[in-house]
Structures are given as C-alpha cells and as structure tokens.
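Raw contents of target.csv, CSV, C-alpha atoms:
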chain,number,residue,atom,x,y,z
C,216,MET,CA,93.3,89.4,88.2
C,217,LEU,CA,90.2,87.6,86.8
C,218,VAL,CA,87.4,87.8,89.4
C,219,LEU,CA,84.4,85.4,89.2
C,220,THR,CA,81.4,85.0,91.4
C,221,ARG,CA,80.3,81.5,92.3
C,222,LYS,CA,77.6,80.0,94.4
C,223,VAL,CA,78.0,77.0,96.7
C,224,GLY,CA,78.1,73.9,94.5
C,225,GLU,CA,79.3,75.8,91.5
C,226,SER,CA,82.8,75.3,90.0
C,227,ILE,CA,85.4,76.8,87.8
C,228,LYS,CA,87.5,74.9,85.4
C,229,ILE,CA,91.2,75.6,84.6
C,230,ASN,CA,92.3,74.1,81.4
C,231,GLU,CA,90.6,70.8,80.7
C,232,ASP,CA,91.6,68.9,83.8
C,233,VAL,CA,91.5,71.1,86.8
C,234,LYS,CA,88.1,71.7,88.6
C,235,ILE,CA,87.6,73.8,91.7
C,236,THR,CA,84.3,73.6,93.4
C,237,VAL,CA,82.9,75.8,96.2
C,238,ILE,CA,81.8,73.2,98.7
C,239,ASP,CA,80.7,75.4,101.6
C,240,VAL,CA,80.8,79.0,102.9
C,241,LYS,CA,80.7,79.6,106.7
C,242,GLY,CA,81.3,83.2,107.7
C,243,LYS,CA,84.8,84.0,106.5
C,244,ASN,CA,85.7,80.4,105.7
C,245,ILE,CA,85.3,79.0,102.2
C,246,ARG,CA,85.8,75.3,101.6
C,247,LEU,CA,87.0,74.4,98.2
C,248,GLY,CA,87.1,71.0,96.5
C,249,ILE,CA,89.9,70.6,94.0
C,250,GLU,CA,90.0,67.9,91.3
C,251,ALA,CA,93.2,67.8,89.4
C,252,PRO,CA,95.6,65.3,87.8
C,253,ARG,CA,97.8,63.5,90.4
C,254,GLU,CA,100.9,65.3,89.4
C,255,THR,CA,99.4,68.8,90.0
C,256,LYS,CA,101.0,70.5,93.0
C,257,ILE,CA,98.5,72.2,95.2
C,258,TYR,CA,99.7,74.3,98.2
C,259,ARG,CA,98.3,76.6,100.7
C,260,GLU,CA,100.1,79.8,99.9
C,261,GLU,CA,101.3,80.4,103.4
C,262,VAL,CA,103.6,77.4,103.3
C,263,PHE,CA,106.0,79.4,101.1
C,264,LEU,CA,106.1,82.2,103.6
C,265,ARG,CA,106.8,79.8,106.4
C,266,ILE,CA,109.6,78.1,104.6
C,267,LYS,CA,111.2,81.5,103.7
C,268,GLU,CA,111.0,82.5,107.4
C,269,GLU,CA,112.4,79.1,108.5
C,270,ASN,CA,115.3,79.4,106.1
C,271,GLN,CA,116.0,82.9,107.4
C,272,THR,CA,115.9,81.7,111.0
C,273,ALA,CA,118.2,78.8,110.2
C,274,ALA,CA,120.7,81.2,108.6
C,275,ILE,CA,121.1,83.3,111.6
C,276,SER,CA,120.9,80.8,114.4
C,277,HIS,CA,124.5,79.8,114.7
C,278,GLN,CA,125.6,80.9,118.1
C,279,PHE,CA,126.5,77.4,119.3
C,280,ASP,CA,129.5,75.1,119.8
C,281,PRO,CA,129.4,72.4,117.0
C,282,SER,CA,131.2,69.9,119.2
C,283,LYS,CA,128.5,70.1,121.9
C,284,VAL,CA,125.8,69.6,119.2
C,285,SER,CA,127.7,66.6,117.8
C,286,GLN,CA,128.1,65.1,121.3
C,287,LEU,CA,124.4,65.4,121.9
C,288,MET,CA,123.6,63.7,118.6
C,289,LYS,CA,126.0,60.9,119.6
C,290,ASP,CA,124.2,60.5,122.9
C,291,LYS,CA,120.9,60.3,121.0
C,292,ILE,CA,122.2,57.4,118.9
C,293,LYS,CA,123.4,55.5,121.9
C,294,LYS,CA,119.9,55.6,123.5
M,250,MET,CA,139.2,78.7,93.8
M,251,LYS,CA,139.5,80.6,97.0
M,252,LEU,CA,136.4,80.9,99.1
M,253,GLU,CA,136.1,83.6,101.7
M,254,THR,CA,133.9,82.6,104.7
M,255,THR,CA,133.2,84.4,108.0
M,256,ARG,CA,133.0,81.1,110.0
M,257,PHE,CA,135.8,79.1,108.5
M,258,GLY,CA,138.2,81.7,107.2
M,259,THR,CA,139.6,81.4,103.6
M,260,LEU,CA,139.0,77.9,102.1
M,261,GLU,CA,140.5,76.4,99.0
M,262,VAL,CA,137.6,74.7,97.1
M,263,GLU,CA,137.5,72.9,93.8
M,264,GLU,CA,134.8,73.9,91.3
M,265,LYS,CA,133.4,70.4,91.4
M,266,GLN,CA,132.8,70.7,95.1
M,267,VAL,CA,130.4,73.6,94.5
M,268,ILE,CA,126.7,72.6,94.5
M,269,GLN,CA,124.6,74.7,92.1
M,270,PHE,CA,121.1,75.8,93.3
M,271,PRO,CA,119.9,77.6,90.1
M,272,ASP,CA,116.7,78.8,91.9
M,273,GLY,CA,118.5,79.6,95.2
M,274,LEU,CA,116.7,78.8,98.4
M,275,TYR,CA,113.4,80.3,99.5
M,276,GLY,CA,114.2,83.7,100.9
M,277,PHE,CA,117.7,83.5,99.5
M,278,GLU,CA,116.9,83.4,95.7
M,279,LYS,CA,120.3,84.9,94.8
M,280,GLU,CA,122.3,82.3,96.7
M,281,THR,CA,122.9,79.8,93.9
M,282,ARG,CA,126.3,78.3,94.9
M,283,PHE,CA,127.1,76.4,98.1
M,284,THR,CA,129.8,74.0,99.3
M,285,PHE,CA,129.4,71.3,101.9
M,286,LEU,CA,131.8,71.2,104.8
M,287,PRO,CA,132.3,68.8,107.7
M,288,PHE,CA,130.3,70.0,110.7
M,289,ASN,CA,133.0,69.3,113.2
M,290,PRO,CA,136.4,68.2,111.9
M,291,ASN,CA,137.2,66.1,115.0
M,292,VAL,CA,133.9,64.3,115.7
M,293,GLU,CA,131.7,62.2,113.4
M,294,SER,CA,128.4,64.0,113.0
M,295,PRO,CA,125.1,63.5,111.2
M,296,MET,CA,125.3,67.2,110.3
M,297,GLU,CA,127.2,69.2,107.7
M,298,TRP,CA,127.6,72.9,106.9
M,299,MET,CA,126.3,74.3,103.7
M,300,GLN,CA,128.4,77.4,103.1
M,301,SER,CA,127.4,79.9,100.5
M,302,ALA,CA,130.1,80.4,97.9
M,303,LEU,CA,128.7,83.9,97.3
M,304,SER,CA,128.1,85.4,100.7
M,305,PRO,CA,130.9,84.8,103.3
M,306,HIS,CA,128.6,85.2,106.3
M,307,LEU,CA,125.9,82.7,105.1
M,308,ALA,CA,126.1,79.1,106.2
M,309,PHE,CA,123.3,76.6,107.0
M,310,VAL,CA,123.5,73.4,109.0
M,311,ILE,CA,122.0,70.5,107.1
M,312,THR,CA,121.3,66.9,108.0
M,313,ASP,CA,119.9,63.7,106.5
M,314,PRO,CA,116.1,63.7,107.2
M,315,TYR,CA,116.0,59.8,107.0
M,316,LEU,CA,118.0,59.6,110.2
M,317,TYR,CA,115.0,61.1,112.1
M,318,VAL,CA,112.1,59.9,110.0
M,319,PRO,CA,113.2,56.6,108.4
M,320,ASP,CA,110.0,56.4,106.2
M,321,TYR,CA,110.2,60.1,105.2
M,322,LYS,CA,108.1,60.4,102.0
M,323,LEU,CA,109.6,62.4,99.3
M,324,LYS,CA,108.0,61.8,95.9
M,325,LEU,CA,109.8,63.4,93.0
M,326,LEU,CA,107.7,63.9,89.9
M,327,GLU,CA,109.2,63.7,86.4
M,328,GLU,CA,109.2,67.6,86.3
M,329,ASP,CA,111.0,67.7,89.6
M,330,ARG,CA,113.7,65.3,88.4
M,331,LYS,CA,114.1,67.5,85.3
M,332,LYS,CA,114.7,70.6,87.4
M,333,VAL,CA,117.8,69.0,88.9
M,334,GLY,CA,118.7,67.2,85.7
M,335,LEU,CA,118.1,63.7,87.1
M,336,GLY,CA,118.1,61.0,84.5
M,337,GLN,CA,117.2,57.4,84.8
M,338,GLY,CA,119.5,55.7,87.3
M,339,ASP,CA,121.1,58.9,88.5
M,340,THR,CA,121.6,59.1,92.2
M,341,PHE,CA,120.6,61.9,94.5
M,342,ILE,CA,120.8,62.7,98.1
M,343,THR,CA,118.2,64.4,100.3
M,344,ARG,CA,119.2,66.9,103.0
M,345,SER,CA,117.1,69.1,105.3
M,346,ILE,CA,118.0,72.4,106.8
M,347,VAL,CA,118.5,72.5,110.6
M,348,THR,CA,117.5,75.5,112.8
M,349,ILE,CA,119.6,75.7,116.0
M,350,PRO,CA,118.1,78.0,118.6
M,351,GLU,CA,119.9,79.4,121.6
M,352,ASN,CA,118.9,76.3,123.6
M,353,TYR,CA,120.5,74.0,121.1
M,354,THR,CA,118.8,70.9,122.5
M,355,GLU,CA,115.7,72.2,120.9
M,356,MET,CA,117.2,72.1,117.4
M,357,THR,CA,114.8,71.3,114.6
M,358,THR,CA,114.9,70.4,110.9
M,359,ASN,CA,112.6,71.6,108.1
M,360,LEU,CA,110.9,68.5,106.7
M,361,VAL,CA,108.5,70.4,104.5
M,362,ALA,CA,111.3,71.8,102.3
M,363,PRO,CA,114.0,69.3,101.7
M,364,LEU,CA,117.1,69.8,99.5
M,365,VAL,CA,117.5,67.4,96.7
M,366,ILE,CA,121.0,67.2,95.3
M,367,ASN,CA,121.9,65.4,92.1
M,368,LEU,CA,125.3,63.8,92.7
M,369,ASN,CA,126.0,63.3,89.0
M,370,ASN,CA,125.9,67.0,88.0
M,371,GLY,CA,126.0,68.8,91.4
M,372,VAL,CA,122.7,70.6,90.7
M,373,ALA,CA,120.3,70.9,93.6
M,374,LYS,CA,116.9,72.4,94.5
M,375,GLN,CA,114.8,73.1,97.6
M,376,PHE,CA,111.5,71.4,97.0
M,377,VAL,CA,108.2,72.1,98.9
M,378,LEU,CA,106.2,69.0,99.8
M,379,THR,CA,102.4,69.2,99.2
M,380,SER,CA,101.8,66.7,102.0
M,381,MET,CA,100.6,68.2,105.3
M,382,GLU,CA,102.3,65.3,107.1
M,383,TYR,CA,105.5,67.0,108.1
M,384,ASP,CA,106.6,70.1,110.0
M,385,THR,CA,109.0,72.9,109.2
M,386,ARG,CA,110.2,72.4,112.8
M,387,HIS,CA,110.7,68.7,113.4
M,388,TYR,CA,112.7,68.2,116.6
M,389,LEU,CA,116.0,66.3,116.2
M,390,LEU,CA,116.1,65.1,119.8
M,391,PRO,CA,113.4,63.2,121.7
M,392,GLU,CA,111.6,65.1,124.4
M,393,GLU,CA,113.6,63.6,127.3
M,394,MET,CA,116.8,65.0,125.8
M,395,ARG,CA,115.5,68.5,125.3
M,396,THR,CA,116.2,70.8,128.3
M,397,THR,CA,113.7,73.5,128.9
M,398,THR,CA,115.2,77.0,128.9
M,399,ALA,CA,114.7,78.7,132.3
M,400,THR,CA,112.3,81.6,131.9
M,401,PRO,CA,113.7,84.8,133.2
M,402,HIS,CA,111.7,86.4,136.0

Mind converting the file's structure to structure tokens?
Amino acid sequence: MLVLTRKVGESIKINEDVKITVIDVKGKNIRLGIEAPRETKIYREEVFLRIKEENQTAAISHQFDPSKVSQLMKDKIKK
Amino acid sequence: MKLETTRFGTLEVEEKQVIQFPDGLYGFEKETRFTFLPFNPNVESPMEWMQSALSPHLAFVITDPYLYVPDYKLKLLEEDRKKVGLGQGDTFITRSIVTIPENYTEMTTNLVAPLVINLNNGVAKQFVLTSMEYDTRHYLLPEEMRTTTATPH
C-alpha cells in the first residue's frame, strides 16, 4: 500500500481527474472532500459488508408460510 | 434440465429460464445461476422466489422495489449497462431481495443493492447504489401492519 502524509488542506490526486482533500481532523475522525467525474462511484467501504450480511440473512430467513405473507401483502394493497 | 431444490423438490427448467449472474451476489460470489419461481402458486403475490440452480438449499425472496418506493432512483451508468449487456432500447427489470424474519410482518427489502436483470439476454447483476438515500432494510409493510414480537420474560 502506498502511504502518504498530508496536512489539513492538502490533497492527493489520482489520475488527472480525481482529487481527495483532507478537510478537517478531529480526534479519530478525518473529513475528506472528494472531487471526481460524475460517473465515478464512491462508497463507504462498510456498505459492501452490510450488503453481504443482508444477503446472507435473506438466504436463511425462510421459516414462514408464503400464503400468509401473500395475504398480508394483499391486505396492504387494499388499505 | 432437471433442477434439484430443497424447497420445491425436483423441477424441470428450460435453459432460457435460467438467469445468469456472472459475478454472483455479494457473499455468494459462486452463485451465478438462478431461476425465478412463483412465490405462491395459488395466490397472486408481489413476490417471487429466486432459486439457485447450483445450490439446492439456496433460495431468495425477491420483489419489485417500485411497489414500495414508486420514485426509487436507480441510475445505470454506461459501464453498468455494459456489465449486463444492455444495448440501446433493451429492457430490464429491477428486483430487490427480501429478508423475512421470524415475525414476518417485519419483512424488509434491500434497496441499497438492487438486482438488474436484462430481459433480452437473461444476464443480471446486483448493483450497489452510491446514494445514502435508501436502507438495506426497508420495511414492506407500514408501521400499523407490523406486529411487535412479544419479548420473552
């Protein structure tokens, strides 16, 4: 891993078009500003872990009666 | 082809009914083939089963997120469209995975990671939205229809 030290207000650039600036440091929290082309996807890394866990929960959560669930959805639509 | 499933027994499925997920799903990267089945043969339902064609025990419940969030915002970039082979004018459907807990009135759907299915070639992918607007556990039922589980003493 490339490790760089930056001060508040300083930036790094990735390729020509991505710029990440250290906005503020408070204790353990670092605020970053990111400038990137619109189509760049920027995620907090934890989101992938959350989705993985949710998929796993969804896969094992099937102890139910589908007809009861369908009935409930029908009742919802009536309301 | 014959499909062995734990929940539905042995099914006869045509190859064109198999949806390909080349990247699998998050946490299930090797699960690249699924088939969609009616949720309940006797009752019309907004849900469907998504049964793995590789693992007999693995099935998800899926639904149409637009039924719950009519203005659900899913923006597919050109590179996203390429990943499922969507050309100009090709149609796709969007589905989201449902989690059904023991108290099934509290079932939720994952709006952060929808499934996009290209209907022209049967290729699909689970995308992750960058927007913070949606929850991985969006309730399907309004609060007044959710019964609280009695807490054991």

Shell of 8 Å around stretch 370-379 of chain M, all atoms listed in the file, local chain residues under 2 positions omitted, as a count of residues only: 28

Residues within 10 Å of M:Pro290, all atoms listed in the file, excluding chain neighbours under 3 positions, as a list in words: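 Listing them by chain and then by number gives Pro281 and Ser282 of chain C; Leu286, Pro287, Glu293 and Ser294 of chain M.
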
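For chain C, the residues within 6 Å of chain M are Tyr258, Lys267, Ala273, Ala274, Ser276 and Ser285 of chain C, with all atoms listed in the file used to measure distance.
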
Nearby residues (all atoms listed in the file) at most 12 Å from C:Ile229, same-chain spacing under 3 positions excluded, as a PyMOL selection string: chain C and resi 226+232-236+249-252+255

Counting all atoms listed in the file, the option among M:Thr397, M:Phe283, M:Glu253, M:His387 closest to M:Pro314: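 So, comparing all the options, the nearest one is M:His387.
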
One-decimal distance in Å that lies between atom CA of M:Gly258 and atom CA of C:Asn270: 23.0 Å

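The space separating atom CA of M:Glu355 from atom CA of C:Glu260 comes to 27.2 Å.
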